[in-house]
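The file work-v2.cif contains mmCIF, C-alpha atoms, pLDDT in the B column; chains and numbers go by the auth columns:
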```cif
data_run
#
loop_
_atom_site.group_PDB
_atom_site.id
_atom_site.type_symbol
_atom_site.label_atom_id
_atom_site.label_comp_id
_atom_site.label_asym_id
_atom_site.label_seq_id
_atom_site.Cartn_x
_atom_site.Cartn_y
_atom_site.Cartn_z
_atom_site.B_iso_or_equiv
_atom_site.auth_seq_id
_atom_site.auth_asym_id
ATOM 1 C CA MET A 1 3.125 -32.652 22.004 54.00 1 X
ATOM 2 C CA LYS A 2 0.448 -30.994 19.854 48.00 2 X
ATOM 3 C CA LYS A 3 0.559 -27.904 22.084 48.00 3 X
ATOM 4 C CA LEU A 4 4.328 -27.682 21.685 41.00 4 X
ATOM 5 C CA ILE A 5 4.129 -27.909 17.896 43.00 5 X
ATOM 6 C CA LEU A 6 1.312 -25.356 17.805 38.00 6 X
ATOM 7 C CA THR A 7 3.330 -22.984 20.025 38.00 7 X
ATOM 8 C CA VAL A 8 6.431 -23.330 17.841 37.00 8 X
ATOM 9 C CA VAL A 9 4.485 -22.753 14.612 38.00 9 X
ATOM 10 C CA THR A 10 2.628 -19.767 16.071 39.00 10 X
ATOM 11 C CA SER A 11 5.863 -18.250 17.375 37.00 11 X
ATOM 12 C CA PHE A 12 7.506 -18.689 13.984 36.00 12 X
ATOM 13 C CA LEU A 13 4.620 -16.985 12.198 36.00 13 X
ATOM 14 C CA LEU A 14 4.597 -14.066 14.630 36.00 14 X
ATOM 15 C CA PHE A 15 8.307 -13.409 14.311 37.00 15 X
ATOM 16 C CA ALA A 16 8.633 -14.193 10.596 39.00 16 X
ATOM 17 C CA CYS A 17 6.834 -10.967 9.665 40.00 17 X
ATOM 18 C CA SER A 18 8.508 -7.853 10.932 41.00 18 X
ATOM 19 C CA LYS A 19 7.513 -4.228 10.690 45.00 19 X
ATOM 20 C CA ASN A 20 10.411 -3.720 8.319 44.00 20 X
ATOM 21 C CA ASP A 21 8.824 -5.963 5.681 48.00 21 X
ATOM 22 C CA ASN A 22 7.288 -2.858 4.058 49.00 22 X
ATOM 23 C CA ASN A 23 10.737 -1.305 3.711 51.00 23 X
ATOM 24 C CA ASN A 24 11.603 -3.225 0.589 59.00 24 X
ATOM 25 C CA ASP A 25 15.041 -2.849 -0.905 81.00 25 X
ATOM 26 C CA ASN A 26 13.717 -1.085 -3.974 92.00 26 X
ATOM 27 C CA GLU A 27 16.494 0.876 -5.681 93.00 27 X
ATOM 28 C CA TYR A 28 13.990 3.366 -7.113 96.00 28 X
ATOM 29 C CA LEU A 29 11.837 4.282 -4.099 96.00 29 X
ATOM 30 C CA GLN A 30 13.162 5.684 -0.843 93.00 30 X
ATOM 31 C CA ASN A 31 11.528 4.947 2.496 93.00 31 X
ATOM 32 C CA TYR A 32 9.931 8.090 3.882 91.00 32 X
ATOM 33 C CA SER A 33 8.348 8.023 7.310 96.00 33 X
ATOM 34 C CA PHE A 34 4.792 9.375 7.442 98.00 34 X
ATOM 35 C CA ASP A 35 1.551 8.854 9.313 98.00 35 X
ATOM 36 C CA THR A 36 -1.896 9.961 8.139 98.00 36 X
ATOM 37 C CA GLY A 37 -3.126 9.982 11.750 97.00 37 X
ATOM 38 C CA ASN A 38 -6.897 10.614 11.785 96.00 38 X
ATOM 39 C CA LEU A 39 -7.024 12.258 8.321 96.00 39 X
ATOM 40 C CA ILE A 40 -8.858 9.345 6.672 97.00 40 X
ATOM 41 C CA ASN A 41 -12.252 9.288 8.376 97.00 41 X
ATOM 42 C CA THR A 42 -15.005 7.254 6.702 95.00 42 X
ATOM 43 C CA GLY A 43 -17.585 8.720 9.100 94.00 43 X
ATOM 44 C CA LEU A 44 -17.457 12.137 7.439 91.00 44 X
ATOM 45 C CA VAL A 45 -19.807 11.949 4.457 82.00 45 X
ATOM 46 C CA ALA A 46 -18.560 15.202 2.894 88.00 46 X
ATOM 47 C CA SER A 47 -14.912 14.097 2.980 91.00 47 X
ATOM 48 C CA PRO A 48 -13.138 12.452 0.022 93.00 48 X
ATOM 49 C CA TYR A 49 -12.888 9.333 2.208 96.00 49 X
ATOM 50 C CA GLY A 50 -16.588 9.000 3.123 93.00 50 X
ATOM 51 C CA ASP A 51 -17.171 6.139 0.644 94.00 51 X
ATOM 52 C CA LEU A 52 -14.041 4.231 1.631 96.00 52 X
ATOM 53 C CA ASP A 53 -16.105 1.919 3.842 94.00 53 X
ATOM 54 C CA ILE A 54 -17.911 0.535 0.767 95.00 54 X
ATOM 55 C CA PRO A 55 -16.301 -2.645 -0.653 97.00 55 X
ATOM 56 C CA GLY A 56 -14.478 -2.068 -3.945 97.00 56 X
ATOM 57 C CA ASN A 57 -13.881 1.636 -3.351 97.00 57 X
ATOM 58 C CA TYR A 58 -10.542 3.374 -3.172 97.00 58 X
ATOM 59 C CA ALA A 59 -9.279 6.819 -2.293 97.00 59 X
ATOM 60 C CA VAL A 60 -6.157 8.704 -3.294 97.00 60 X
ATOM 61 C CA VAL A 61 -4.437 10.490 -0.425 98.00 61 X
ATOM 62 C CA PRO A 62 -2.118 13.194 -1.776 97.00 62 X
ATOM 63 C CA ASN A 63 0.888 14.630 0.065 96.00 63 X
ATOM 64 C CA TYR A 64 1.855 11.378 1.812 97.00 64 X
ATOM 65 C CA GLY A 65 4.543 8.921 0.780 97.00 65 X
ATOM 66 C CA ILE A 66 6.452 9.995 -2.321 96.00 66 X
ATOM 67 C CA ASN A 67 3.712 10.827 -4.858 97.00 67 X
ATOM 68 C CA GLY A 68 0.683 10.123 -2.707 97.00 68 X
ATOM 69 C CA ILE A 69 -0.919 6.872 -1.628 98.00 69 X
ATOM 70 C CA VAL A 70 -3.944 4.860 -2.648 98.00 70 X
ATOM 71 C CA VAL A 71 -6.117 3.125 -0.061 98.00 71 X
ATOM 72 C CA TYR A 72 -8.379 0.294 -1.272 98.00 72 X
ATOM 73 C CA TYR A 73 -11.147 -1.500 0.638 98.00 73 X
ATOM 74 C CA SER A 74 -11.838 -5.087 -0.425 96.00 74 X
ATOM 75 C CA GLY A 75 -14.808 -5.527 1.907 96.00 75 X
ATOM 76 C CA ILE A 76 -12.644 -7.573 4.251 96.00 76 X
ATOM 77 C CA SER A 77 -9.555 -5.439 4.717 96.00 77 X
ATOM 78 C CA TYR A 78 -7.806 -2.284 3.566 98.00 78 X
ATOM 79 C CA SER A 79 -4.595 -2.085 1.558 97.00 79 X
ATOM 80 C CA ALA A 80 -2.457 0.978 0.910 98.00 80 X
ATOM 81 C CA PHE A 81 0.242 1.498 -1.710 98.00 81 X
ATOM 82 C CA GLU A 82 2.608 4.179 -2.959 98.00 82 X
ATOM 83 C CA LEU A 83 1.500 5.978 -6.132 98.00 83 X
ATOM 84 C CA SER A 84 4.972 5.907 -7.707 98.00 84 X
ATOM 85 C CA ASP A 85 5.974 3.312 -10.271 98.00 85 X
ATOM 86 C CA PRO A 86 8.289 1.006 -8.306 98.00 86 X
ATOM 87 C CA ASN A 87 10.243 0.151 -11.455 97.00 87 X
ATOM 88 C CA HIS A 88 11.347 3.692 -12.383 94.00 88 X
ATOM 89 C CA HIS A 89 13.442 6.421 -10.857 94.00 89 X
ATOM 90 C CA ILE A 90 11.166 9.215 -9.654 96.00 90 X
ATOM 91 C CA GLN A 91 10.228 11.430 -12.607 95.00 91 X
ATOM 92 C CA SER A 92 7.077 13.125 -13.859 94.00 92 X
ATOM 93 C CA CYS A 93 5.900 10.085 -15.832 96.00 93 X
ATOM 94 C CA SER A 94 6.369 7.652 -12.923 96.00 94 X
ATOM 95 C CA THR A 95 3.470 9.025 -10.862 97.00 95 X
ATOM 96 C CA LEU A 96 0.670 6.474 -11.127 98.00 96 X
ATOM 97 C CA THR A 97 -2.883 7.283 -12.161 97.00 97 X
ATOM 98 C CA ILE A 98 -5.803 4.990 -11.380 97.00 98 X
ATOM 99 C CA GLU A 99 -8.563 3.675 -13.591 96.00 99 X
ATOM 100 C CA GLY A 100 -10.770 1.060 -11.980 95.00 100 X
ATOM 101 C CA ILE A 101 -8.412 -1.048 -9.881 97.00 101 X
ATOM 102 C CA ILE A 102 -5.381 -0.537 -12.149 98.00 102 X
ATOM 103 C CA ALA A 103 -2.689 2.057 -11.440 98.00 103 X
ATOM 104 C CA SER A 104 -0.545 2.967 -14.474 98.00 104 X
ATOM 105 C CA CYS A 105 2.424 5.168 -15.193 96.00 105 X
ATOM 106 C CA ASP A 106 2.769 7.509 -18.171 96.00 106 X
ATOM 107 C CA CYS A 107 6.334 6.438 -18.960 95.00 107 X
ATOM 108 C CA GLU A 108 7.169 4.868 -22.303 94.00 108 X
ATOM 109 C CA ASP A 109 6.795 1.295 -21.013 94.00 109 X
ATOM 110 C CA GLY A 110 3.320 1.975 -19.531 95.00 110 X
ATOM 111 C CA ASN A 111 3.756 -0.201 -16.435 97.00 111 X
ATOM 112 C CA SER A 112 0.554 -1.036 -14.558 98.00 112 X
ATOM 113 C CA TYR A 113 -0.323 -2.577 -11.205 98.00 113 X
ATOM 114 C CA GLU A 114 -3.403 -3.820 -9.387 98.00 114 X
ATOM 115 C CA ILE A 115 -4.235 -1.634 -6.359 98.00 115 X
ATOM 116 C CA VAL A 116 -5.869 -4.567 -4.525 96.00 116 X
ATOM 117 C CA THR A 117 -2.672 -6.635 -4.193 96.00 117 X
ATOM 118 C CA GLY A 118 0.038 -4.359 -5.599 97.00 118 X
ATOM 119 C CA GLN A 119 1.028 -6.958 -8.176 98.00 119 X
ATOM 120 C CA PRO A 120 2.297 -5.909 -11.623 98.00 120 X
ATOM 121 C CA GLN A 121 0.043 -6.537 -14.618 97.00 121 X
ATOM 122 C CA ASN A 122 1.129 -8.503 -17.697 95.00 122 X
ATOM 123 C CA GLY A 123 3.620 -6.538 -19.781 94.00 123 X
ATOM 124 C CA THR A 124 4.999 -4.537 -16.846 96.00 124 X
ATOM 125 C CA THR A 125 8.779 -4.303 -16.919 94.00 125 X
ATOM 126 C CA GLY A 126 10.836 -4.511 -13.748 93.00 126 X
ATOM 127 C CA ALA A 127 11.110 -6.669 -10.674 92.00 127 X
ATOM 128 C CA TYR A 128 8.937 -4.774 -8.182 97.00 128 X
ATOM 129 C CA GLY A 129 5.272 -4.639 -7.242 98.00 129 X
ATOM 130 C CA LEU A 130 3.718 -1.573 -5.640 98.00 130 X
ATOM 131 C CA LYS A 131 5.315 -0.389 -2.412 98.00 131 X
ATOM 132 C CA PRO A 132 2.918 -1.336 0.423 98.00 132 X
ATOM 133 C CA TYR A 133 2.233 0.748 3.499 98.00 133 X
ATOM 134 C CA PHE A 134 0.884 -0.264 6.916 98.00 134 X
ATOM 135 C CA VAL A 135 -2.848 0.153 7.560 98.00 135 X
ATOM 136 C CA GLU A 136 -4.541 0.287 10.939 98.00 136 X
ATOM 137 C CA VAL A 137 -8.310 0.665 11.352 97.00 137 X
ATOM 138 C CA SER A 138 -9.985 1.983 14.492 97.00 138 X
ATOM 139 C CA GLY A 139 -13.706 2.685 14.132 96.00 139 X
ATOM 140 C CA ASN A 140 -14.102 5.185 11.257 96.00 140 X
ATOM 141 C CA ILE A 141 -10.422 6.123 11.210 97.00 141 X
ATOM 142 C CA ILE A 142 -8.061 4.465 8.732 98.00 142 X
ATOM 143 C CA ARG A 143 -4.467 5.187 9.638 98.00 143 X
ATOM 144 C CA VAL A 144 -1.819 4.618 6.958 98.00 144 X
ATOM 145 C CA TYR A 145 1.830 4.884 7.895 98.00 145 X
ATOM 146 C CA ASN A 146 5.368 3.896 7.078 96.00 146 X
ATOM 147 C CA ASN A 147 7.454 3.413 10.225 86.00 147 X
#
```
What is this structure when it is put down as structure tokens?
Amino acid sequence: MKKLILTVVTSFLLFACSKNDNNNDNEYLQNYSFDTGNLINTGLVASPYGDLDIPGNYAVVPNYGINGIVVYYSGISYSAFELSDPNHHIQSCSTLTIEGIIASCDCEDGNSYEIVTGQPQNGTTGAYGLKPYFVEVSGNIIRVYNN
């Protein structure tokens, strides 16, 4: 009986999360397909991603997603998010800039988000957190993609 319950629970967990979970229904941000491939290589010291294998570090990857992406390493896992304010239509002020672990927009409301979890900070207006992207790690290569 325990095996049956464990099998049912495991099956539910596996199928409850689909690849489409990153394609949120955000009215402000479109879903663009992209794949960084082997661009992000932590084994290349001279690259902008050479320190991305050190816990607490992040790297901005321009020219992917809508306004670029940010990849953060917690020491346990990597996360990657869109660098566009998810609570604004795309405009010049909605591109996020990072200071520490906080990404902020330059729009009048000054929305800000944590790049570790993507969650909005206190005072942020709107219903959305940062748009997450898929991350896959293989050796020194960190692949970020969206479908």
- Message: Here is a test: counting all atoms listed in the file, which residue of X:Ser47, X:Asn26, X:Asn57, X:Asn38 is nearest to Pro132 (chain X)?
- Response: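 The answer is X:Asn26, which sits nearest to Pro132 (chain X).
CA of Gly110 (chain X) lies 26.7 Å from CA of Phe134 (chain X).
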- Counting all atoms listed in the file, the option among X:Ser112, X:Ser79, X:Asn41, X:Thr97 closest to Thr125 (chain X):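 Of X:Ser112, X:Ser79, X:Asn41, X:Thr97, the one nearest Thr125 (chain X), counting all atoms listed in the file, is X:Ser112.
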- Query: X:Gln121, X:Ser77, X:Asn67, X:Thr36: which is nearest Ile141 (chain X), counting only C-alpha atoms?
  - Reply: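 With only C-alpha atoms as the atom set, the closest residue is X:Thr36.
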- Query: Quick one: which residues end up in the PyMOL selection byres ((chain X and resi 115) around 9) for this structure, as a list in words?
  - Reply: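 Selected by the PyMOL selection byres ((chain X and resi 115) around 9) in this file: Tyr58, Val70, Val71, Tyr72, Ser79, Ala80, Phe81, Ile98, Ile101, Ile102, Ala103, Tyr113, Glu114, Val116, Thr117, Gly118, Gln119 and Leu130 of chain X.
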- Could you list as a PyMOL selection string every residue that has an atom within 10 Å of (-15.0, 4.6, 8.7), using the file's coordinates and counting all atoms listed in the file? chain X and resi 40-45+49-54+137-142
- Counting all atoms listed in the file, figure out which residue out of X:Leu39, X:Ala59, X:Ala127, X:Ile90 gets nearest to Cys105 (chain X).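 Closest candidate: X:Ile90.
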- Can you work out the spacing between CA of Tyr133 (chain X) and CA of Pro86 (chain X) in Å, to one decimal?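 Interatomic distance here is 13.3 Å.
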- Name the residues within 9 Å of (9.8, -1.4, -12.7), counting only C-alpha atoms in the file's coordinates, and put them as a list in words.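 Those residues lying close to the given coordinates are Tyr28, Asp85, Pro86, Asn87, His88, His89, Asn111, Pro120, Thr124, Thr125, Gly126, Ala127, Tyr128 and Gly129 of chain X.
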- Message: Just the number, please: distance in Å from CA of Glu99 (chain X) to CA of Asp25 (chain X), one decimal.
- Response: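 Here the two named atoms are 27.6 Å from each other.
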Extending 4 Å beyond the listed atoms of region 91-98 of chain X on each side, what axis-aligned box results? I want centre and edge lengths in Å to one decimal, as JSON.
```
{"center_x": 2.2, "center_y": 9.1, "center_z": -13.3, "size_x": 24.0, "size_y": 16.1, "size_z": 13.0}
```
- Message: Which residues, named as in the file, does the PyMOL selection byres ((chain X and resi 68) around 10) pick out? Answer as a PyMOL selection string.
- Response: chain X and resi 60-67+69-70+81-84+95-96
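Minimum atom-to-atom distance to Val144 (chain X), evaluated using all atoms listed in the file, belongs to X:Gly37 out of X:Gly37, X:Ser104, X:Gln30, X:Gly75.
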Since fewer atoms than expected are present, regenerate N, CA and C atoms for region 83-117 of chain X and write them as a PDB file, keeping the file's coordinate frame.
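Result saved to part_2.pdb:
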```
ATOM      1  N   LEU X  83       1.925   5.654  -4.765  1.00 98.00           N
ATOM      2  CA  LEU X  83       1.500   5.978  -6.132  1.00 98.00           C
ATOM      3  C   LEU X  83       2.677   6.405  -7.004  1.00 98.00           C
ATOM      4  N   SER X  84       3.800   5.718  -6.840  1.00 98.00           N
ATOM      5  CA  SER X  84       4.972   5.907  -7.707  1.00 98.00           C
ATOM      6  C   SER X  84       5.299   4.560  -8.330  1.00 98.00           C
ATOM      7  N   ASP X  85       5.603   4.559  -9.613  1.00 98.00           N
ATOM      8  CA  ASP X  85       5.974   3.312 -10.271  1.00 98.00           C
ATOM      9  C   ASP X  85       7.226   2.766  -9.591  1.00 98.00           C
ATOM     10  N   PRO X  86       7.152   1.565  -9.032  1.00 98.00           N
ATOM     11  CA  PRO X  86       8.289   1.006  -8.306  1.00 98.00           C
ATOM     12  C   PRO X  86       9.422   0.538  -9.207  1.00 98.00           C
ATOM     13  N   ASN X  87       9.228   0.614 -10.512  1.00 97.00           N
ATOM     14  CA  ASN X  87      10.243   0.151 -11.455  1.00 97.00           C
ATOM     15  C   ASN X  87      10.849   1.285 -12.268  1.00 97.00           C
ATOM     16  N   HIS X  88      10.755   2.517 -11.740  1.00 94.00           N
ATOM     17  CA  HIS X  88      11.347   3.692 -12.383  1.00 94.00           C
ATOM     18  C   HIS X  88      11.950   4.599 -11.314  1.00 94.00           C
ATOM     19  N   HIS X  89      12.987   5.324 -11.706  1.00 94.00           N
ATOM     20  CA  HIS X  89      13.442   6.421 -10.857  1.00 94.00           C
ATOM     21  C   HIS X  89      12.320   7.450 -10.839  1.00 94.00           C
ATOM     22  N   ILE X  90      12.222   8.216  -9.771  1.00 96.00           N
ATOM     23  CA  ILE X  90      11.166   9.215  -9.654  1.00 96.00           C
ATOM     24  C   ILE X  90      11.339  10.266 -10.747  1.00 96.00           C
ATOM     25  N   GLN X  91      10.289  10.433 -11.536  1.00 95.00           N
ATOM     26  CA  GLN X  91      10.228  11.430 -12.607  1.00 95.00           C
ATOM     27  C   GLN X  91       8.757  11.730 -12.867  1.00 95.00           C
ATOM     28  N   SER X  92       8.475  12.717 -13.675  1.00 94.00           N
ATOM     29  CA  SER X  92       7.077  13.125 -13.859  1.00 94.00           C
ATOM     30  C   SER X  92       6.199  11.991 -14.393  1.00 94.00           C
ATOM     31  N   CYS X  93       6.720  11.149 -15.252  1.00 96.00           N
ATOM     32  CA  CYS X  93       5.900  10.085 -15.832  1.00 96.00           C
ATOM     33  C   CYS X  93       5.717   8.892 -14.900  1.00 96.00           C
ATOM     34  N   SER X  94       6.453   8.828 -13.796  1.00 96.00           N
ATOM     35  CA  SER X  94       6.369   7.652 -12.923  1.00 96.00           C
ATOM     36  C   SER X  94       5.291   7.763 -11.850  1.00 96.00           C
ATOM     37  N   THR X  95       4.609   8.913 -11.778  1.00 97.00           N
ATOM     38  CA  THR X  95       3.470   9.025 -10.862  1.00 97.00           C
ATOM     39  C   THR X  95       2.315   8.224 -11.450  1.00 97.00           C
ATOM     40  N   LEU X  96       1.725   7.365 -10.639  1.00 98.00           N
ATOM     41  CA  LEU X  96       0.670   6.474 -11.127  1.00 98.00           C
ATOM     42  C   LEU X  96      -0.696   7.153 -11.103  1.00 98.00           C
ATOM     43  N   THR X  97      -1.491   6.848 -12.113  1.00 97.00           N
ATOM     44  CA  THR X  97      -2.883   7.283 -12.161  1.00 97.00           C
ATOM     45  C   THR X  97      -3.752   6.027 -12.125  1.00 97.00           C
ATOM     46  N   ILE X  98      -4.957   6.162 -11.595  1.00 97.00           N
ATOM     47  CA  ILE X  98      -5.803   4.990 -11.380  1.00 97.00           C
ATOM     48  C   ILE X  98      -7.035   5.037 -12.260  1.00 97.00           C
ATOM     49  N   GLU X  99      -7.321   3.872 -12.851  1.00 96.00           N
ATOM     50  CA  GLU X  99      -8.563   3.675 -13.591  1.00 96.00           C
ATOM     51  C   GLU X  99      -9.096   2.315 -13.171  1.00 96.00           C
ATOM     52  N   GLY X 100     -10.251   2.314 -12.535  1.00 95.00           N
ATOM     53  CA  GLY X 100     -10.770   1.060 -11.980  1.00 95.00           C
ATOM     54  C   GLY X 100      -9.892   0.629 -10.822  1.00 95.00           C
ATOM     55  N   ILE X 101      -9.333  -0.579 -10.916  1.00 97.00           N
ATOM     56  CA  ILE X 101      -8.412  -1.048  -9.881  1.00 97.00           C
ATOM     57  C   ILE X 101      -6.974  -1.139 -10.404  1.00 97.00           C
ATOM     58  N   ILE X 102      -6.714  -0.495 -11.539  1.00 98.00           N
ATOM     59  CA  ILE X 102      -5.381  -0.537 -12.149  1.00 98.00           C
ATOM     60  C   ILE X 102      -4.718   0.833 -12.048  1.00 98.00           C
ATOM     61  N   ALA X 103      -3.499   0.842 -11.521  1.00 98.00           N
ATOM     62  CA  ALA X 103      -2.689   2.057 -11.440  1.00 98.00           C
ATOM     63  C   ALA X 103      -1.613   1.960 -12.513  1.00 98.00           C
ATOM     64  N   SER X 104      -1.483   2.991 -13.349  1.00 98.00           N
ATOM     65  CA  SER X 104      -0.545   2.967 -14.474  1.00 98.00           C
ATOM     66  C   SER X 104       0.333   4.203 -14.484  1.00 98.00           C
ATOM     67  N   CYS X 105       1.535   4.023 -15.029  1.00 96.00           N
ATOM     68  CA  CYS X 105       2.424   5.168 -15.193  1.00 96.00           C
ATOM     69  C   CYS X 105       2.318   5.687 -16.621  1.00 96.00           C
ATOM     70  N   ASP X 106       2.800   6.904 -16.839  1.00 96.00           N
ATOM     71  CA  ASP X 106       2.769   7.509 -18.171  1.00 96.00           C
ATOM     72  C   ASP X 106       4.107   7.389 -18.884  1.00 96.00           C
ATOM     73  N   CYS X 107       5.031   6.614 -18.312  1.00 95.00           N
ATOM     74  CA  CYS X 107       6.334   6.438 -18.960  1.00 95.00           C
ATOM     75  C   CYS X 107       6.172   5.585 -20.219  1.00 95.00           C
ATOM     76  N   GLU X 108       7.203   5.546 -21.010  1.00 94.00           N
ATOM     77  CA  GLU X 108       7.169   4.868 -22.303  1.00 94.00           C
ATOM     78  C   GLU X 108       6.726   3.409 -22.211  1.00 94.00           C
ATOM     79  N   ASP X 109       7.136   2.719 -21.134  1.00 94.00           N
ATOM     80  CA  ASP X 109       6.795   1.295 -21.013  1.00 94.00           C
ATOM     81  C   ASP X 109       5.371   1.055 -20.521  1.00 94.00           C
ATOM     82  N   GLY X 110       4.714   2.084 -19.951  1.00 95.00           N
ATOM     83  CA  GLY X 110       3.320   1.975 -19.531  1.00 95.00           C
ATOM     84  C   GLY X 110       3.065   0.904 -18.477  1.00 95.00           C
ATOM     85  N   ASN X 111       3.941   0.788 -17.500  1.00 97.00           N
ATOM     86  CA  ASN X 111       3.756  -0.201 -16.435  1.00 97.00           C
ATOM     87  C   ASN X 111       2.420  -0.005 -15.734  1.00 97.00           C
ATOM     88  N   SER X 112       1.823  -1.120 -15.282  1.00 98.00           N
ATOM     89  CA  SER X 112       0.554  -1.036 -14.558  1.00 98.00           C
ATOM     90  C   SER X 112       0.507  -2.084 -13.457  1.00 98.00           C
ATOM     91  N   TYR X 113      -0.273  -1.766 -12.412  1.00 98.00           N
ATOM     92  CA  TYR X 113      -0.323  -2.577 -11.205  1.00 98.00           C
ATOM     93  C   TYR X 113      -1.746  -2.606 -10.669  1.00 98.00           C
ATOM     94  N   GLU X 114      -2.096  -3.703 -10.015  1.00 98.00           N
ATOM     95  CA  GLU X 114      -3.403  -3.820  -9.387  1.00 98.00           C
ATOM     96  C   GLU X 114      -3.333  -3.185  -8.000  1.00 98.00           C
ATOM     97  N   ILE X 115      -4.273  -2.312  -7.660  1.00 98.00           N
ATOM     98  CA  ILE X 115      -4.235  -1.634  -6.359  1.00 98.00           C
ATOM     99  C   ILE X 115      -4.813  -2.494  -5.228  1.00 98.00           C
ATOM    100  N   VAL X 116      -5.354  -3.657  -5.548  1.00 96.00           N
ATOM    101  CA  VAL X 116      -5.869  -4.567  -4.525  1.00 96.00           C
ATOM    102  C   VAL X 116      -4.706  -5.312  -3.869  1.00 96.00           C
ATOM    103  N   THR X 117      -3.789  -5.824  -4.691  1.00 96.00           N
ATOM    104  CA  THR X 117      -2.672  -6.635  -4.193  1.00 96.00           C
ATOM    105  C   THR X 117      -1.315  -5.978  -4.400  1.00 96.00           C
TER     106      THR X 117
END
```
